[in-house]
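Structure record follows, encoded as structure tokens.
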Amino acid sequence: MRIECKHVWEHISAYIDNDVDPKLRAEIDRHLETCEICSAVLDSTRNVVILVADDRVFELPAGFSERLHARIDTELEEQSGPHLQT
Amino acid sequence: MTLPGLELEAEYIRRVLAGEKHLFHDLIRPCERSIYFLLFSLLKNETEAEDVAQETVIKVYQNLDKFRGDSQFRTWVLSIARNEGLGRLRKIGNRREDSLDAETDEQGGDFTPAILTSWREIPADALQQKELGAILRKAIERLPEIYRNVVLLRDIEEMDIRETAAALGISETSVKVRLHRARAMLQRSLAPQLKEFAPKRKRWFGGRV
């Protein structure tokens with residue numbers, strides 16, 4: 001039985017994460033073979049996931065790490081630190 | 001992102017607690033990005049996020065002896081970051097309406113994808129262009145907070161479902177549902193814009209416009 005587009009959309013995210021059971025996956029694959037709209041939705045969603053994961057999209061502010069570690073150094077010098085393990 | 005192996009992590013923690021304090025730098029380094037972006041997601045302000053990130057790291061150091069090792073170190077660190085961030089939000093009285101709405105509205109919203117057939121290529125090279133990065137950041141910043149958190153940890157910091165759930169204090173099912181909706185919202189807002197960045201030849205020869 002052919003599943004509907006809307007049914008495919010509901011599982012797009014899990015499909016991308018490889019988190020759908022094999023039977024449903026096979027049904028979705030069959031649907032995608034003939035449905036250009038759903039395969040475009042899948043491709044574009046997957047592309048969005050890939051793009052946002054790119055380190056160039058979200059960069060730490062310049063000098064963030066240096067300032068953080070300088071702060072840690074100050075703390076290490078000032079405090080006796082966490083309780084020593086016995 | 002490379003995380004120190006669990007054994008190495010446990011070893012570092014033991015040694016910091018035993019007095020080799022300088023090793024704390026190496027222990028926290030793999031968590032820095034996640035701490036900052038989780039806080040930026042909550043606070044939506046670079047200066048506040050950086051300030052609370054520093055507070056978080058100091059708190060982690062001071063409480064290191066309380067880490068029991070029953071979750072990943074980064075998960076524990078992120079739950080401290082989240083608490084610190086929520087504390088800061090309460091302090092500045094700036095808890096945004098969108099997050100309050102979204103928390104009581106798990107069912108609402110339109111998650112129908114944008115229908116398009118002309119953009120398929122991953123315009124990875126286009127990321128060299130500052131404009132594309134800005135479009136992506138803006139789309140994520142516009143998501144309601146409960147969705148933004150999940151996208152940040154799962155898709156940007158590439159944590160698994162379980163770790164994301166533990167860091168945010170929600171169930172794995174909620175992570176999956178929110179992730180699905182967040183990705184659908186992003187696809188809807190981004191796909192039509194990103195189409196412009198796809199290689200041009202695709203549109204000339206692809207036959208689909």
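Identifiers in this document derive from the order of the structure tokens: chains are assigned A, B, ..., residues are numbered from 1 separately in each chain, and ligands are numbered from 1 in order of occurrence.
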Open item on the list: Neighbouring residues of range 85-95 of chain B were defined as those with any atom within 6 Å, considering only C-alpha atoms; residues of the same chain fewer than 3 positions away were excluded. Please report them as a PyMOL selection string.
Closed with: chain B and resi 39+81-82
Extract, using only C-alpha atoms, all DNA, RNA and protein residues at most 12 Å from range 58-67 of chain A, discarding same-chain residues fewer than 6 positions from it, and format them as a PDB file with N, CA and C atoms, in the first residue's frame.
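Contents of result.pdb, freshly written:
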```pdb
ATOM      1  N   LEU A  51      24.129  21.847   6.824  1.00  0.00           N
ATOM      2  CA  LEU A  51      24.638  23.228   6.839  1.00  0.00           C
ATOM      3  C   LEU A  51      24.764  23.805   8.244  1.00  0.00           C
ATOM      4  N   VAL A  52      23.735  23.570   9.079  1.00  0.00           N
ATOM      5  CA  VAL A  52      23.810  24.182  10.411  1.00  0.00           C
ATOM      6  C   VAL A  52      24.900  23.527  11.261  1.00  0.00           C
ATOM      7  N   ASP A  73      42.488  30.431  35.196  1.00  0.00           N
ATOM      8  CA  ASP A  73      43.794  30.607  35.856  1.00  0.00           C
ATOM      9  C   ASP A  73      43.663  31.430  37.123  1.00  0.00           C
ATOM     10  N   THR A  74      42.889  32.511  37.032  1.00  0.00           N
ATOM     11  CA  THR A  74      42.683  33.360  38.215  1.00  0.00           C
ATOM     12  C   THR A  74      42.062  32.532  39.343  1.00  0.00           C
TER      13      THR A  74
ATOM     14  N   HIS B  25      42.084  22.833  32.698  1.00  0.00           N
ATOM     15  CA  HIS B  25      42.008  23.494  31.385  1.00  0.00           C
ATOM     16  C   HIS B  25      41.690  22.479  30.277  1.00  0.00           C
ATOM     17  N   ASP B  26      42.412  21.358  30.284  1.00  0.00           N
ATOM     18  CA  ASP B  26      42.228  20.347  29.235  1.00  0.00           C
ATOM     19  C   ASP B  26      40.898  19.620  29.373  1.00  0.00           C
ATOM     20  N   ILE B  28      38.064  20.906  30.475  1.00  0.00           N
ATOM     21  CA  ILE B  28      36.906  21.728  30.107  1.00  0.00           C
ATOM     22  C   ILE B  28      36.926  22.120  28.631  1.00  0.00           C
ATOM     23  N   ARG B  29      38.117  22.104  28.030  1.00  0.00           N
ATOM     24  CA  ARG B  29      38.245  22.601  26.648  1.00  0.00           C
ATOM     25  C   ARG B  29      37.242  21.972  25.661  1.00  0.00           C
ATOM     26  N   PRO B  30      37.059  20.632  25.673  1.00  0.00           N
ATOM     27  CA  PRO B  30      36.117  20.044  24.702  1.00  0.00           C
ATOM     28  C   PRO B  30      34.662  20.463  24.938  1.00  0.00           C
ATOM     29  N   CYS B  31      34.359  21.039  26.097  1.00  0.00           N
ATOM     30  CA  CYS B  31      32.970  21.416  26.412  1.00  0.00           C
ATOM     31  C   CYS B  31      32.680  22.884  26.105  1.00  0.00           C
ATOM     32  N   GLU B  32      33.705  23.658  25.823  1.00  0.00           N
ATOM     33  CA  GLU B  32      33.548  25.116  25.706  1.00  0.00           C
ATOM     34  C   GLU B  32      32.474  25.565  24.721  1.00  0.00           C
ATOM     35  N   ARG B  33      32.571  25.009  23.521  1.00  0.00           N
ATOM     36  CA  ARG B  33      31.636  25.420  22.466  1.00  0.00           C
ATOM     37  C   ARG B  33      30.192  25.133  22.881  1.00  0.00           C
ATOM     38  N   SER B  34      29.964  23.910  23.392  1.00  0.00           N
ATOM     39  CA  SER B  34      28.596  23.529  23.778  1.00  0.00           C
ATOM     40  C   SER B  34      28.072  24.425  24.893  1.00  0.00           C
ATOM     41  N   ILE B  35      28.930  24.733  25.854  1.00  0.00           N
ATOM     42  CA  ILE B  35      28.506  25.603  26.967  1.00  0.00           C
ATOM     43  C   ILE B  35      28.066  26.954  26.404  1.00  0.00           C
ATOM     44  N   TYR B  36      28.932  27.527  25.558  1.00  0.00           N
ATOM     45  CA  TYR B  36      28.632  28.863  25.045  1.00  0.00           C
ATOM     46  C   TYR B  36      27.342  28.875  24.224  1.00  0.00           C
ATOM     47  N   PHE B  37      27.213  27.912  23.309  1.00  0.00           N
ATOM     48  CA  PHE B  37      26.047  27.970  22.419  1.00  0.00           C
ATOM     49  C   PHE B  37      24.746  27.613  23.129  1.00  0.00           C
ATOM     50  N   LEU B  38      24.822  26.739  24.125  1.00  0.00           N
ATOM     51  CA  LEU B  38      23.621  26.475  24.921  1.00  0.00           C
ATOM     52  C   LEU B  38      23.194  27.771  25.621  1.00  0.00           C
ATOM     53  N   LEU B  39      24.160  28.495  26.171  1.00  0.00           N
ATOM     54  CA  LEU B  39      23.846  29.738  26.885  1.00  0.00           C
ATOM     55  C   LEU B  39      23.414  30.836  25.926  1.00  0.00           C
ATOM     56  N   PHE B  40      24.043  30.854  24.756  1.00  0.00           N
ATOM     57  CA  PHE B  40      23.635  31.859  23.776  1.00  0.00           C
ATOM     58  C   PHE B  40      22.195  31.607  23.341  1.00  0.00           C
ATOM     59  N   SER B  41      21.849  30.316  23.216  1.00  0.00           N
ATOM     60  CA  SER B  41      20.481  29.948  22.853  1.00  0.00           C
ATOM     61  C   SER B  41      19.488  30.431  23.897  1.00  0.00           C
ATOM     62  N   ASN B  45      22.309  36.664  23.750  1.00  0.00           N
ATOM     63  CA  ASN B  45      23.153  37.844  23.896  1.00  0.00           C
ATOM     64  C   ASN B  45      24.585  37.368  24.122  1.00  0.00           C
ATOM     65  N   GLU B  46      25.489  37.812  23.272  1.00  0.00           N
ATOM     66  CA  GLU B  46      26.871  37.314  23.321  1.00  0.00           C
ATOM     67  C   GLU B  46      27.556  37.616  24.652  1.00  0.00           C
ATOM     68  N   THR B  47      27.406  38.839  25.119  1.00  0.00           N
ATOM     69  CA  THR B  47      28.102  39.243  26.346  1.00  0.00           C
ATOM     70  C   THR B  47      27.594  38.453  27.544  1.00  0.00           C
ATOM     71  N   ALA B  49      26.044  35.558  27.452  1.00  0.00           N
ATOM     72  CA  ALA B  49      26.386  34.135  27.277  1.00  0.00           C
ATOM     73  C   ALA B  49      27.829  33.884  27.699  1.00  0.00           C
ATOM     74  N   GLU B  50      28.723  34.788  27.310  1.00  0.00           N
ATOM     75  CA  GLU B  50      30.137  34.605  27.678  1.00  0.00           C
ATOM     76  C   GLU B  50      30.326  34.731  29.192  1.00  0.00           C
ATOM     77  N   ASP B  51      29.657  35.702  29.774  1.00  0.00           N
ATOM     78  CA  ASP B  51      29.771  35.918  31.210  1.00  0.00           C
ATOM     79  C   ASP B  51      29.285  34.686  31.981  1.00  0.00           C
ATOM     80  N   ALA B  53      28.992  31.692  30.799  1.00  0.00           N
ATOM     81  CA  ALA B  53      29.877  30.559  30.480  1.00  0.00           C
ATOM     82  C   ALA B  53      31.046  30.527  31.461  1.00  0.00           C
ATOM     83  N   GLN B  54      31.598  31.707  31.750  1.00  0.00           N
ATOM     84  CA  GLN B  54      32.705  31.769  32.709  1.00  0.00           C
ATOM     85  C   GLN B  54      32.245  31.353  34.108  1.00  0.00           C
ATOM     86  N   VAL B  57      31.882  27.570  34.239  1.00  0.00           N
ATOM     87  CA  VAL B  57      33.134  26.823  34.298  1.00  0.00           C
ATOM     88  C   VAL B  57      33.748  26.892  35.706  1.00  0.00           C
ATOM     89  N   LEU B 127      29.188  28.529   2.052  1.00  0.00           N
ATOM     90  CA  LEU B 127      29.389  28.946   3.439  1.00  0.00           C
ATOM     91  C   LEU B 127      30.557  29.916   3.579  1.00  0.00           C
ATOM     92  N   LYS B 130      29.702  35.166   3.899  1.00  0.00           N
ATOM     93  CA  LYS B 130      29.193  35.535   5.233  1.00  0.00           C
ATOM     94  C   LYS B 130      27.667  35.583   5.263  1.00  0.00           C
ATOM     95  N   LEU B 132      25.398  33.731   3.886  1.00  0.00           N
ATOM     96  CA  LEU B 132      24.716  32.461   4.134  1.00  0.00           C
ATOM     97  C   LEU B 132      24.761  32.097   5.621  1.00  0.00           C
ATOM     98  N   GLY B 133      25.922  32.270   6.243  1.00  0.00           N
ATOM     99  CA  GLY B 133      26.042  31.999   7.675  1.00  0.00           C
ATOM    100  C   GLY B 133      25.047  32.844   8.453  1.00  0.00           C
ATOM    101  N   ALA B 134      24.904  34.093   8.045  1.00  0.00           N
ATOM    102  CA  ALA B 134      23.989  35.001   8.743  1.00  0.00           C
ATOM    103  C   ALA B 134      22.540  34.539   8.589  1.00  0.00           C
ATOM    104  N   ILE B 135      22.195  34.060   7.406  1.00  0.00           N
ATOM    105  CA  ILE B 135      20.828  33.572   7.168  1.00  0.00           C
ATOM    106  C   ILE B 135      20.532  32.368   8.069  1.00  0.00           C
ATOM    107  N   LEU B 136      21.506  31.458   8.161  1.00  0.00           N
ATOM    108  CA  LEU B 136      21.329  30.261   8.992  1.00  0.00           C
ATOM    109  C   LEU B 136      21.195  30.628  10.468  1.00  0.00           C
ATOM    110  N   ARG B 137      22.084  31.520  10.923  1.00  0.00           N
ATOM    111  CA  ARG B 137      22.035  31.919  12.335  1.00  0.00           C
ATOM    112  C   ARG B 137      20.711  32.588  12.679  1.00  0.00           C
ATOM    113  N   LYS B 138      20.273  33.441  11.779  1.00  0.00           N
ATOM    114  CA  LYS B 138      19.032  34.172  12.020  1.00  0.00           C
ATOM    115  C   LYS B 138      17.846  33.208  12.115  1.00  0.00           C
ATOM    116  N   ILE B 140      17.849  30.111  13.031  1.00  0.00           N
ATOM    117  CA  ILE B 140      17.916  29.347  14.282  1.00  0.00           C
ATOM    118  C   ILE B 140      17.555  30.238  15.468  1.00  0.00           C
ATOM    119  N   GLU B 141      18.031  31.478  15.434  1.00  0.00           N
ATOM    120  CA  GLU B 141      17.717  32.384  16.534  1.00  0.00           C
ATOM    121  C   GLU B 141      16.223  32.691  16.614  1.00  0.00           C
ATOM    122  N   LEU B 152      20.521  23.244  18.747  1.00  0.00           N
ATOM    123  CA  LEU B 152      21.899  23.604  19.089  1.00  0.00           C
ATOM    124  C   LEU B 152      22.696  22.402  19.590  1.00  0.00           C
ATOM    125  N   ASP B 155      22.022  19.171  16.526  1.00  0.00           N
ATOM    126  CA  ASP B 155      22.495  19.357  15.151  1.00  0.00           C
ATOM    127  C   ASP B 155      23.743  20.225  15.049  1.00  0.00           C
ATOM    128  N   ILE B 156      23.923  21.145  15.962  1.00  0.00           N
ATOM    129  CA  ILE B 156      25.099  22.014  15.856  1.00  0.00           C
ATOM    130  C   ILE B 156      26.255  21.428  16.655  1.00  0.00           C
ATOM    131  N   GLU B 157      25.983  21.004  17.877  1.00  0.00           N
ATOM    132  CA  GLU B 157      27.049  20.384  18.666  1.00  0.00           C
ATOM    133  C   GLU B 157      27.116  18.865  18.456  1.00  0.00           C
TER     134      GLU B 157
END
```
- [ ] Name the residues in contact with Glu10 in chain A at a cut-off of 12 Å, using only C-alpha atoms, excluding same-chain residues fewer than 4 positions from it; report them as a ChimeraX atom specification.
- [x] /A:3-6,14-16,20,24,28,38,41-42 /B:110-113,176-177,179-181,183-184
TODO: Using backbone DSSP assignments, extract all helix (DSSP H, G or I) residues from chain A; output them as a VMD selection string.
DONE: chain A and resid 5 to 10 12 to 16 22 to 34 36 to 52 64 to 78
Task: Selected residue, from A:Ala70, A:Cys35, A:Ala26, A:Val48, that lies nearest to Lys195 in chain B when counting only C-alpha atoms - done: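 Residue with the minimum atom-to-atom distance to Lys195 in chain B: A:Val48.
With distances restricted to only C-alpha atoms, B:Val150 is the closest residue to Ser171 in chain B from B:Val150, B:Ala191, B:Leu8, B:Leu64.
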